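Visitor: This is structure-v7.cif, which holds mmCIF, C-alpha atoms:
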```cif
data_work
loop_
_atom_site.label_atom_id
_atom_site.label_comp_id
_atom_site.auth_asym_id
_atom_site.auth_seq_id
_atom_site.Cartn_x
_atom_site.Cartn_y
_atom_site.Cartn_z
CA MET A 277 -63.20 5.49 -187.89
CA ASP A 278 -64.46 2.46 -189.77
CA LEU A 279 -67.38 2.73 -192.19
CA PRO A 280 -69.89 -0.12 -192.57
CA PHE A 281 -69.39 -0.50 -196.32
CA LEU A 282 -66.64 -0.87 -198.89
CA THR A 283 -64.43 1.98 -200.11
CA ILE A 284 -62.33 2.17 -203.26
CA SER A 285 -59.35 0.54 -201.53
CA ASP A 286 -61.46 -2.61 -201.06
CA LEU A 287 -62.09 -3.20 -204.77
CA PRO A 288 -59.62 -4.20 -207.53
CA LEU A 289 -60.47 -1.27 -209.80
CA GLU A 290 -57.26 -1.08 -211.80
CA GLY A 291 -57.88 -1.69 -215.47
CA LYS A 292 -61.60 -2.29 -214.89
CA THR A 293 -64.71 -0.54 -216.19
CA VAL A 294 -66.03 1.57 -213.32
CA LEU A 295 -69.35 3.41 -213.13
CA MET A 296 -69.14 6.33 -210.72
CA ARG A 297 -72.12 8.39 -209.52
CA VAL A 298 -71.06 11.94 -208.77
CA ASP A 299 -73.06 15.02 -207.83
CA ILE A 300 -71.83 17.91 -209.95
CA ASN A 301 -75.23 19.60 -209.77
CA SER A 302 -74.08 23.23 -209.86
CA PRO A 303 -75.45 26.77 -210.02
CA VAL A 304 -75.96 27.56 -213.70
CA ASN A 305 -76.77 30.82 -215.45
CA PRO A 306 -79.97 29.80 -217.30
CA ASP A 307 -79.38 32.38 -220.04
CA THR A 308 -75.78 31.48 -220.92
CA GLY A 309 -75.36 27.95 -219.53
CA GLU A 310 -72.29 29.14 -217.62
CA ILE A 311 -71.50 27.16 -214.45
CA LEU A 312 -71.29 29.71 -211.64
CA SER A 313 -69.56 27.59 -208.98
CA LEU A 314 -67.03 24.80 -209.53
CA LYS A 315 -66.94 23.63 -205.90
CA ARG A 316 -68.60 20.24 -206.43
CA ILE A 317 -66.79 19.65 -209.71
CA GLU A 318 -63.46 20.36 -207.98
CA GLU A 319 -64.31 18.02 -205.09
CA HIS A 320 -65.18 15.14 -207.42
CA ALA A 321 -62.07 15.83 -209.50
CA ARG A 322 -60.05 15.10 -206.37
CA SER A 323 -61.89 11.78 -206.03
CA ILE A 324 -61.22 10.87 -209.65
CA LYS A 325 -57.50 11.54 -209.19
CA LEU A 326 -57.45 9.03 -206.33
CA LEU A 327 -58.78 6.19 -208.48
CA PRO A 328 -56.31 3.70 -209.97
CA PRO A 329 -56.04 3.68 -213.78
CA CYS A 330 -59.39 2.40 -215.05
CA LYS A 331 -62.11 2.95 -217.64
CA LEU A 332 -64.29 5.53 -215.88
CA VAL A 333 -67.94 6.24 -216.71
CA LEU A 334 -69.59 9.10 -214.80
CA LEU A 335 -73.28 9.44 -213.95
CA ALA A 336 -74.64 12.77 -212.71
CA HIS A 337 -77.71 14.99 -212.64
CA GLN A 338 -78.38 18.70 -212.98
CA SER A 339 -81.40 20.30 -211.31
CA ARG A 340 -84.86 18.80 -211.89
CA PRO A 341 -87.67 18.97 -214.48
CA GLY A 342 -89.32 22.37 -214.70
CA LYS A 343 -86.34 24.37 -213.39
CA LYS A 344 -84.52 26.91 -215.54
CA ASP A 345 -81.14 25.30 -214.78
CA TYR A 346 -82.33 21.83 -215.89
CA THR A 347 -79.69 21.44 -218.58
CA PRO A 348 -77.56 18.86 -220.41
CA LEU A 349 -74.13 18.11 -218.93
CA LYS A 350 -72.00 19.27 -221.86
CA GLU A 351 -70.67 22.30 -220.01
CA HIS A 352 -70.07 20.17 -216.90
CA ALA A 353 -67.84 17.88 -218.99
CA ARG A 354 -65.87 20.87 -220.24
CA SER A 355 -65.45 22.24 -216.73
CA LEU A 356 -64.41 18.87 -215.34
CA SER A 357 -61.91 18.48 -218.19
CA ARG A 358 -60.33 21.85 -217.31
CA VAL A 359 -60.16 21.04 -213.59
CA LEU A 360 -58.70 17.56 -214.16
CA ASP A 361 -56.46 18.67 -217.04
CA ARG A 362 -57.69 15.51 -218.78
CA GLU A 363 -60.30 15.03 -221.45
CA VAL A 364 -63.75 14.10 -220.20
CA GLN A 365 -65.84 13.01 -223.17
CA TYR A 366 -69.50 14.00 -222.97
CA MET A 367 -72.17 11.73 -224.44
CA ASP A 368 -75.64 13.21 -224.84
CA GLN A 369 -77.32 9.87 -224.11
CA LEU A 370 -77.58 7.55 -221.12
CA PHE A 371 -77.87 3.94 -222.19
CA SER A 372 -78.40 3.76 -225.94
CA GLU A 373 -76.58 1.08 -227.92
CA THR A 374 -74.16 3.82 -229.00
CA VAL A 375 -73.31 4.49 -225.35
CA LEU A 376 -72.93 0.81 -224.52
CA GLU A 377 -70.64 0.24 -227.51
CA ARG A 378 -68.53 3.26 -226.54
CA ILE A 379 -68.15 1.91 -223.01
CA ARG A 380 -67.16 -1.53 -224.30
CA ASP A 381 -64.51 0.09 -226.52
CA MET A 382 -63.00 2.32 -223.80
CA ASN A 383 -59.31 2.30 -223.06
CA VAL A 384 -57.83 2.50 -219.57
CA GLY A 385 -57.52 6.15 -218.60
CA GLU A 386 -60.53 7.37 -220.59
CA ILE A 387 -63.40 9.19 -218.88
CA LEU A 388 -66.97 9.46 -220.17
CA LEU A 389 -69.68 11.68 -218.69
CA LEU A 390 -73.15 10.47 -219.65
CA GLU A 391 -76.25 12.64 -219.98
CA ASN A 392 -78.20 14.17 -217.09
CA THR A 393 -79.81 11.16 -215.36
CA ARG A 394 -82.94 13.18 -214.64
CA PHE A 395 -83.63 13.47 -218.36
CA TYR A 396 -84.76 9.86 -217.96
CA ALA A 397 -88.14 9.39 -216.26
CA GLU A 398 -87.14 6.38 -214.15
CA ASP A 399 -84.59 8.42 -212.20
CA VAL A 400 -87.26 10.98 -211.31
CA ASP A 401 -90.49 9.01 -211.04
CA LEU A 402 -89.12 6.08 -209.01
CA ASP A 403 -87.79 8.19 -206.17
CA ASP A 404 -88.30 6.08 -203.00
CA ALA A 405 -89.56 3.03 -204.94
CA PRO A 406 -88.74 -0.40 -203.43
CA MET A 407 -85.14 -1.48 -203.97
CA LYS A 408 -86.08 -4.40 -206.23
CA VAL A 409 -87.88 -1.95 -208.51
CA GLN A 410 -84.88 0.37 -208.63
CA GLU A 411 -82.53 -2.51 -209.39
CA SER A 412 -84.69 -3.72 -212.27
CA THR A 413 -84.95 -0.37 -214.04
CA PHE A 414 -83.85 -0.09 -217.66
CA LEU A 415 -81.13 2.38 -216.63
CA VAL A 416 -79.58 -0.07 -214.19
CA ARG A 417 -79.98 -3.17 -216.35
CA ARG A 418 -78.43 -1.57 -219.43
CA LEU A 419 -75.42 0.09 -217.78
CA SER A 420 -74.67 -2.75 -215.36
CA SER A 421 -74.23 -5.03 -218.37
CA VAL A 422 -71.08 -3.15 -219.44
CA VAL A 423 -69.47 -2.15 -216.12
CA GLU A 424 -67.75 -4.20 -213.43
CA TYR A 425 -67.93 -1.93 -210.36
CA PHE A 426 -70.07 0.92 -209.07
CA ILE A 427 -68.70 3.78 -206.97
CA ASN A 428 -71.06 6.21 -205.27
CA ASP A 429 -69.29 9.49 -204.54
CA ALA A 430 -72.44 11.65 -204.46
CA PHE A 431 -72.60 12.54 -200.77
CA SER A 432 -74.86 15.53 -201.41
CA ALA A 433 -77.53 13.10 -202.69
CA VAL A 434 -77.02 10.49 -199.97
CA HIS A 435 -80.48 11.16 -198.53
CA ARG A 436 -82.22 10.33 -201.84
CA SER A 437 -83.39 6.99 -203.21
CA GLN A 438 -83.25 6.91 -207.00
CA PRO A 439 -82.07 4.26 -209.49
CA SER A 440 -78.86 6.08 -210.41
CA LEU A 441 -77.96 6.35 -206.71
CA VAL A 442 -79.01 3.02 -205.18
CA GLY A 443 -80.08 0.69 -208.01
CA PHE A 444 -76.59 -0.53 -208.96
CA CYS A 445 -75.61 -1.57 -205.43
CA GLY A 446 -77.59 -4.83 -205.59
CA VAL A 447 -76.35 -5.67 -209.08
CA VAL A 448 -72.59 -5.04 -209.12
CA PRO A 449 -70.00 -4.77 -206.31
CA SER A 450 -70.25 -1.23 -204.98
CA ALA A 451 -68.27 1.10 -202.75
CA ALA A 452 -68.23 4.63 -201.39
CA GLY A 453 -66.02 7.07 -203.28
CA PRO A 454 -63.32 9.24 -201.68
CA LEU A 455 -65.53 12.31 -201.26
CA MET A 456 -68.30 10.21 -199.73
CA GLU A 457 -65.79 8.64 -197.36
CA LYS A 458 -64.34 12.01 -196.34
CA GLU A 459 -67.77 13.52 -195.68
CA LEU A 460 -68.98 10.57 -193.61
CA LYS A 461 -65.83 10.39 -191.50
CA ALA A 462 -66.21 14.11 -190.74
CA LEU A 463 -69.82 13.53 -189.68
CA GLN A 464 -68.87 10.54 -187.55
CA ARG A 465 -66.35 12.71 -185.73
CA ILE A 466 -68.97 15.29 -184.74
CA THR A 467 -71.78 12.85 -183.91
CA VAL A 468 -70.09 9.76 -182.42
CA ASP A 469 -68.57 10.63 -179.03
CA PRO A 470 -67.57 14.18 -180.05
CA GLN A 471 -65.04 16.16 -178.03
CA ARG A 472 -66.72 18.35 -175.43
CA PRO A 473 -68.04 20.98 -175.24
CA SER A 474 -69.89 20.22 -178.46
CA ILE A 475 -72.11 22.96 -179.88
CA ALA A 476 -74.28 23.58 -182.94
CA ILE A 477 -74.98 26.96 -184.52
CA LEU A 478 -78.18 26.94 -186.54
CA GLY A 479 -79.35 29.91 -188.60
CA GLY A 480 -80.79 30.93 -191.92
CA LEU A 481 -84.32 30.62 -193.21
CA LYS A 482 -84.91 26.85 -193.19
CA VAL A 483 -86.57 26.67 -189.81
CA ASP A 484 -88.07 23.19 -190.20
CA ASP A 485 -84.67 21.68 -191.01
CA SER A 486 -82.95 23.42 -188.12
CA ILE A 487 -85.59 22.37 -185.61
CA ALA A 488 -85.24 18.76 -186.74
CA VAL A 489 -81.45 19.00 -186.32
CA ALA A 490 -81.79 20.60 -182.87
CA GLU A 491 -84.25 17.93 -181.75
CA ASN A 492 -81.98 15.09 -182.88
CA LEU A 493 -78.72 16.57 -181.56
CA LEU A 494 -80.21 17.26 -178.14
CA LYS A 495 -82.15 14.00 -177.86
CA GLY A 496 -79.03 12.02 -178.71
CA GLY A 497 -76.82 14.01 -176.36
CA ILE A 498 -74.62 15.00 -179.31
CA SER A 499 -74.63 18.75 -178.66
CA ASP A 500 -74.27 20.45 -175.29
CA LYS A 501 -75.67 23.74 -176.56
CA ILE A 502 -77.54 25.00 -179.61
CA LEU A 503 -76.94 28.63 -180.62
CA THR A 504 -79.71 29.96 -182.86
CA THR A 505 -79.51 32.88 -185.27
CA GLY A 506 -81.31 34.14 -188.36
CA VAL A 507 -84.99 33.31 -188.73
CA VAL A 508 -84.33 30.17 -186.67
CA GLY A 509 -83.27 32.44 -183.81
CA SER A 510 -86.36 34.58 -184.30
CA MET A 511 -88.59 31.51 -184.04
CA PHE A 512 -87.01 30.41 -180.76
CA THR A 513 -87.19 33.97 -179.43
CA TRP A 514 -90.90 34.00 -180.29
CA ALA A 515 -91.33 30.56 -178.71
CA ALA A 516 -89.70 31.89 -175.52
CA GLY A 517 -92.55 34.37 -175.17
CA TYR A 518 -91.23 37.50 -176.86
CA ASP A 519 -93.43 39.42 -179.31
CA LEU A 520 -91.35 39.85 -182.47
CA GLY A 521 -93.60 42.57 -183.82
CA ALA A 522 -95.95 42.55 -186.79
CA PRO A 523 -93.27 42.91 -189.54
CA ASN A 524 -91.48 39.76 -188.37
CA ILE A 525 -94.51 37.67 -187.44
CA ASN A 526 -96.11 38.44 -190.80
CA PHE A 527 -92.89 37.50 -192.59
CA ILE A 528 -92.66 34.16 -190.78
CA ASN A 529 -96.30 33.31 -191.45
CA GLN A 530 -95.92 34.17 -195.14
CA GLU A 531 -92.53 32.58 -195.80
CA ILE A 532 -92.35 29.61 -193.42
CA LYS A 533 -94.69 26.74 -194.23
CA GLY A 534 -96.49 25.37 -191.17
CA ALA A 535 -95.20 28.18 -188.94
CA ASP A 536 -97.74 27.48 -186.18
CA GLU A 537 -96.68 23.86 -185.85
CA LEU A 538 -92.99 24.80 -185.96
CA LEU A 539 -93.56 27.31 -183.18
CA LYS A 540 -95.04 24.53 -181.04
CA ARG A 541 -91.99 22.36 -181.71
CA CYS A 542 -89.69 25.22 -180.70
CA LYS A 543 -91.58 25.61 -177.43
CA LYS A 544 -91.25 21.88 -176.76
CA VAL A 545 -87.51 21.94 -177.43
CA LEU A 546 -87.10 24.84 -175.00
CA LYS A 547 -89.18 23.02 -172.39
CA ASP A 548 -87.43 19.66 -172.80
CA HIS A 549 -83.92 21.12 -172.90
CA PRO A 550 -83.87 24.22 -170.67
CA ASP A 551 -80.64 26.25 -170.81
CA LYS A 552 -79.36 24.27 -173.82
CA VAL A 553 -80.97 26.30 -176.62
CA LEU A 554 -79.83 29.93 -176.81
CA TYR A 555 -81.50 32.68 -178.78
CA PRO A 556 -80.36 36.26 -179.49
CA SER A 557 -80.34 38.79 -176.66
CA ASP A 558 -80.11 41.72 -179.07
CA ILE A 559 -80.87 42.13 -182.74
CA ALA A 560 -80.38 44.54 -185.63
CA LEU A 561 -83.43 45.90 -187.43
CA ASN A 562 -83.53 47.22 -190.96
CA ILE A 563 -85.10 50.67 -190.66
CA ASP A 564 -85.07 52.33 -194.09
CA GLY A 565 -81.79 50.59 -194.92
CA GLU A 566 -80.12 51.58 -191.67
CA ARG A 567 -78.93 49.15 -188.97
CA VAL A 568 -80.79 49.81 -185.72
CA ARG A 569 -79.95 47.81 -182.59
CA ILE A 570 -82.55 46.81 -180.01
CA THR A 571 -82.51 44.25 -177.20
CA ILE A 572 -85.17 41.57 -176.95
CA GLU A 573 -86.52 43.48 -173.96
CA ASP A 574 -87.36 46.30 -176.40
CA LEU A 575 -89.59 44.02 -178.47
CA PRO A 576 -91.99 44.15 -180.29
CA ALA A 577 -89.92 45.48 -183.16
CA ASN A 578 -91.20 48.13 -185.54
CA GLY A 579 -89.10 46.83 -188.41
CA PRO A 580 -87.78 43.57 -189.84
CA ILE A 581 -84.99 41.69 -188.03
CA PHE A 582 -81.96 41.46 -190.35
CA ASP A 583 -79.11 40.39 -188.05
CA ILE A 584 -77.98 39.62 -184.52
CA SER A 585 -76.22 42.44 -182.68
CA LEU A 586 -73.18 43.11 -180.49
CA ASP A 587 -74.14 41.47 -177.17
CA THR A 588 -75.24 38.27 -178.92
CA ILE A 589 -72.11 38.20 -181.08
CA VAL A 590 -69.88 38.51 -178.00
CA ARG A 591 -71.88 35.95 -175.97
CA TYR A 592 -71.93 33.40 -178.79
CA SER A 593 -68.25 34.03 -179.67
CA ASN A 594 -67.20 33.25 -176.11
CA ILE A 595 -69.08 29.93 -176.25
CA ILE A 596 -67.48 29.17 -179.62
CA LYS A 597 -64.02 29.95 -178.20
CA ASP A 598 -64.43 27.29 -175.48
CA ALA A 599 -65.94 24.62 -177.76
CA LYS A 600 -64.06 21.54 -178.95
CA THR A 601 -66.63 20.43 -181.57
CA ILE A 602 -68.73 22.81 -183.69
CA ILE A 603 -71.51 22.16 -186.20
CA ALA A 604 -72.70 25.20 -188.14
CA ASN A 605 -75.36 25.69 -190.79
CA GLY A 606 -76.94 28.90 -192.02
CA PRO A 607 -76.17 32.63 -191.73
CA ALA A 608 -77.02 34.86 -188.77
CA GLY A 609 -78.80 37.42 -190.89
CA VAL A 610 -79.18 38.98 -194.32
CA PHE A 611 -75.43 38.76 -194.93
CA GLU A 612 -75.79 39.70 -198.60
CA MET A 613 -76.30 43.30 -197.43
CA LYS A 614 -73.01 44.57 -196.02
CA GLN A 615 -74.62 46.52 -193.18
CA PHE A 616 -76.27 43.30 -191.97
CA SER A 617 -73.37 40.88 -192.48
CA GLU A 618 -71.66 41.56 -189.15
CA GLY A 619 -73.24 38.75 -187.16
CA THR A 620 -72.59 36.09 -189.79
CA VAL A 621 -69.01 37.16 -190.49
CA GLU A 622 -68.03 37.54 -186.83
CA LEU A 623 -69.46 34.18 -185.76
CA PHE A 624 -67.91 32.35 -188.70
CA ARG A 625 -64.57 34.06 -188.00
CA ALA A 626 -64.81 32.96 -184.37
CA ILE A 627 -65.37 29.36 -185.53
CA SER A 628 -62.38 29.59 -187.87
CA GLU A 629 -60.15 30.85 -185.05
CA SER A 630 -61.50 28.57 -182.32
CA GLY A 631 -59.22 25.57 -182.77
CA ALA A 632 -62.27 23.31 -182.45
CA TYR A 633 -63.07 20.54 -184.92
CA SER A 634 -65.67 22.30 -187.05
CA VAL A 635 -68.04 21.11 -189.77
CA MET A 636 -70.01 23.66 -191.75
CA GLY A 637 -72.43 23.22 -194.63
CA GLY A 638 -75.16 24.76 -196.74
CA GLY A 639 -74.90 26.92 -199.83
CA GLU A 640 -75.00 30.27 -198.02
CA THR A 641 -72.60 29.06 -195.35
CA ASN A 642 -70.11 27.87 -197.96
CA MET A 643 -70.40 31.20 -199.76
CA VAL A 644 -69.41 33.15 -196.63
CA VAL A 645 -66.51 30.78 -195.86
CA LYS A 646 -65.16 31.28 -199.37
CA THR A 647 -65.76 35.04 -199.53
CA GLU A 648 -64.15 35.69 -196.15
CA LYS A 649 -61.30 33.22 -196.87
CA LEU A 650 -61.79 31.41 -193.57
CA SER A 651 -59.06 28.79 -193.62
CA GLY A 652 -59.54 27.50 -190.08
CA ILE A 653 -62.72 25.48 -190.78
CA SER A 654 -61.98 21.75 -190.39
CA HIS A 655 -64.49 20.54 -192.96
CA VAL A 656 -66.80 22.41 -195.35
CA SER A 657 -69.45 19.96 -196.55
CA THR A 658 -70.60 19.71 -200.16
CA GLY A 659 -74.05 18.60 -199.00
CA GLY A 660 -76.80 20.96 -197.85
CA GLY A 661 -79.86 18.74 -197.68
CA ALA A 662 -77.72 15.64 -197.11
CA LEU A 663 -75.94 17.25 -194.16
CA ILE A 664 -79.23 18.37 -192.62
CA GLY A 665 -80.76 14.95 -193.21
CA TYR A 666 -77.86 13.17 -191.54
CA LEU A 667 -77.79 15.52 -188.54
CA SER A 668 -81.56 15.28 -188.07
CA GLY A 669 -81.42 11.47 -187.99
CA GLN A 670 -83.19 10.80 -191.29
CA ASP A 671 -82.77 7.53 -193.15
CA MET A 672 -79.90 7.61 -195.64
CA PRO A 673 -80.93 5.32 -198.55
CA VAL A 674 -77.55 5.47 -200.30
CA LEU A 675 -75.73 4.33 -197.17
CA GLU A 676 -78.17 1.47 -196.64
CA ALA A 677 -77.68 0.38 -200.26
CA LEU A 678 -73.89 0.42 -199.84
CA LYS A 679 -74.19 -1.66 -196.66
CA ARG A 680 -76.29 -4.25 -198.49
CA SER A 681 -73.78 -4.36 -201.33
CA LYS A 682 -70.98 -5.16 -198.90
CA ALA A 683 -73.03 -7.99 -197.46
CA ASN A 684 -73.99 -9.34 -200.90
CA PHE A 685 -70.58 -9.17 -202.57
CA SER A 686 -67.92 -10.78 -200.42
CA SER A 687 -64.27 -10.29 -201.29
CA GLY A 688 -64.20 -13.72 -202.87
CA ASP A 689 -66.90 -12.71 -205.37
CA GLN A 690 -65.17 -9.55 -206.50
#
```
Kindly transcribe the structure held in the file into C-alpha cells.
Guide:
Amino acid sequence: MDLPFLTISDLPLEGKTVLMRVDINSPVNPDTGEILSLKRIEEHARSIKLLPPCKLVLLAHQSRPGKKDYTPLKEHARSLSRVLDREVQYMDQLFSETVLERIRDMNVGEILLLENTRFYAEDVDLDDAPMKVQESTFLVRRLSSVVEYFINDAFSAVHRSQPSLVGFCGVVPSAAGPLMEKELKALQRITVDPQRPSIAILGGLKVDDSIAVAENLLKGGISDKILTTGVVGSMFTWAAGYDLGAPNINFINQEIKGADELLKRCKKVLKDHPDKVLYPSDIALNIDGERVRITIEDLPANGPIFDISLDTIVRYSNIIKDAKTIIANGPAGVFEMKQFSEGTVELFRAISESGAYSVMGGGETNMVVKTEKLSGISHVSTGGGALIGYLSGQDMPVLEALKRSKANFSSGDQ
C-alpha cells in the first residue's frame, strides 16, 4: 500500500547528516532512573539499523513537566547503545553552540542523542501552534542549520503537533522512518477495504476513547461488529438499559469524566447500529476477593464488575474465530489480579490463534501479549494514544506535515 509521503528509500541519506525524531518515551522508575520497558527503544533500534551509513542525530522526549518520570535521556542513550551494540553518545543539551559544533564534526556512523526536547519550553508551549510558528522556532532554526534531512519515526506521537515533530518538515526534506511506515501500513490494512468479517474488541477504562473509535469504525463501515469488554462493556450494558448496581455506577461516575454524556453517546451508537455493538452477557464480580459469576439478567450487581465470564468468553471467541480482520485495544477486566484475568487472556489467546490479520495496541494490551507470549498477533502497535486517534478519525498533524514536505521538496531539490 502506498503512503502519501516520502520514506527513507526516497532520500539519498548515505553519508549525510540526518536528524531523526524517535519516541523512546518509556516507563521509568522515578527513584532509580531505571528504564522498565525497552519495547520502544528496541523498535527504534530496528529502524536505525535500516538506515544507510550516515551521521545520525536523534531527537526524543521523556514524559512531561511535573511528572516524576520527567528525566534527562542519559539512561535512554545507554539502553539504546546496548540494544544497538553501537555507541550512542548522549549530549545534555539541545541546540547550544557546543551541540552544533559536535554535529558539524560528526563522522559517518556516529550517533548522537540530544537532550529531552520537552526540557525546552517551545516544544511544550507551542503544541498545536500554526505551522509557520513551529517552523520558525529556535529549536528548528538552530538544528536545521546543521542537518540535511529529517526523518520522523515517532509513530506514537503522530497525533501531536509540536516543533520537534512537525517543525522541520517545512524546512528540510523529510520522510517517514521505518517504524512509522510499518505502523501506518498495518493501519491501512485494517481500515482501507479490510478483509471481512472485520471486528473490533474494545475494553479497558478509557471509555471516551473507545466510544470515539466505535463511532468512527461503524460510521465508516470499517468494522462489522464491535465487541465491548471492561468498563467500556459496562457502559454499553448500562446504555442498553441494565442497572449495573450502585458499586459500578458510583465507580463510573467517580472515575470517568463526563460519564453522563458518554452514556448518551453509547445509547446513540446502540440505536444507530443495532446488532453491531455487543456487550457482555455474563460478568464476574469481585466479592471479598472471590470471583462470582452473574448474568446480566441478575443485575443490579452487589459488587464491582472485574471481568467478563464464561458465556461471554465463548460467544466472543466464536466471533473472533470467524473474523478475518481484528482490531483490539484494552483488557476485558482487572487482569492484574490472576482470578480476574481469565477474560482478557482467553480473548487475546483466541485472537492469536484466529489466523486473522490482527492489530493490537495500548500499554496494558501490549503487557498481556508479552506476558502470555502470544506469537500469533500480526502487529502490536507502539502507539496507544496515536492508535486510538487514528482509529477514531482524528487529525494526524505529523502525517499532514510529511505530506506537505513531499509536495515542497521534489526529488530534483533533494
Visitor: Determine the residue set returned by the PyMOL selection byres ((chain A and resi 521) around 12) for the present structure, and present it as a PyMOL selection string.
Guide: chain A and resi 510+513-514+517-520+522-528+561+572+574-581
Visitor: Could you list the residues chosen by the PyMOL selection byres ((chain A and resi 429-438) around 9) in this structure as number ranges by chain?
Guide: A: 296-300, 320, 323, 336, 398-405, 407, 410, 427-428, 439-443, 451-457, 459-460, 657-663, 665-666, 670-675
Visitor: If the PyMOL selection byres ((chain A and resi 424) around 7) is run on the structure shown, which residues does it catch, given as a list in words?
Guide: Lys292, Thr293, Val294, Val422, Val423, Tyr425 and Val448 of chain A
Visitor: What's the separation between CA of Arg417 in chain A and CA of Pro328 in chain A, in Å to one decimal place?
Guide: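 Separation of CA of Arg417 in chain A and CA of Pro328 in chain A: 25.5 Å.
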Visitor: Find the residue from A:Lys325, A:Ala353, A:Gly342, A:Ile627 that sits nearest to Ile475 in chain A; use only C-alpha atoms when measuring.
Guide: A:Ile627
Visitor: One decimal, in Å: what's the spacing between CA of Pro449 in chain A and CA of Glu290 in chain A?
Guide: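 We find that CA of Pro449 in chain A and CA of Glu290 in chain A lie 14.4 Å from each other.
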Visitor: Considering all atoms listed in the file, state which residue in the set A:Lys597, A:Ser617, A:Gly565, A:Leu650 is at the smallest distance from Ser585 in chain A.
Guide: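 The shortest atom-to-atom distance to Ser585 in chain A comes from A:Ser617.
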Visitor: Tell me which protein, DNA and RNA residues are within 6 Å of Ser681 in chain A, counting only C-alpha atoms, leaving out same-chain ones fewer than 2 positions away, and put them as a PyMOL selection string.
Guide: chain A and resi 445-446+450+678-679+683-685
Visitor: Write out the residues from the selection above, keeping C-alpha atoms, as a CSV table (one decimal), in the frame of the given file.
Guide:
```
chain,number,residue,atom,x,y,z
A,445,CYS,CA,-75.6,-1.6,-205.4
A,446,GLY,CA,-77.6,-4.8,-205.6
A,450,SER,CA,-70.2,-1.2,-205.0
A,678,LEU,CA,-73.9,0.4,-199.8
A,679,LYS,CA,-74.2,-1.7,-196.7
A,683,ALA,CA,-73.0,-8.0,-197.5
A,684,ASN,CA,-74.0,-9.3,-200.9
A,685,PHE,CA,-70.6,-9.2,-202.6
```
Visitor: Which centre and edge lengths in Å to one decimal define the box along x, y and z that fits every listed atom of range 441-446 of chain A plus 8 Å per side, as AutoDock Vina command-line options?
Guide:
```
--center_x -77.8 --center_y 0.8 --center_z -207.1 --size_x 20.5 --size_y 27.2 --size_z 19.8
```
Visitor: Provide the CA of Phe616 in chain A to CA of Ile589 in chain A distance in Å, to one decimal place.
Guide: 12.7 Å
Visitor: Quick one: residues within 6 Å of range 629-635 of chain A, all atoms listed in the file, excluding same-chain residues fewer than 4 positions away - as JSON, numbers by chain?
Guide: {"A": [597, 600, 601, 602, 603, 653, 654, 655, 656]}
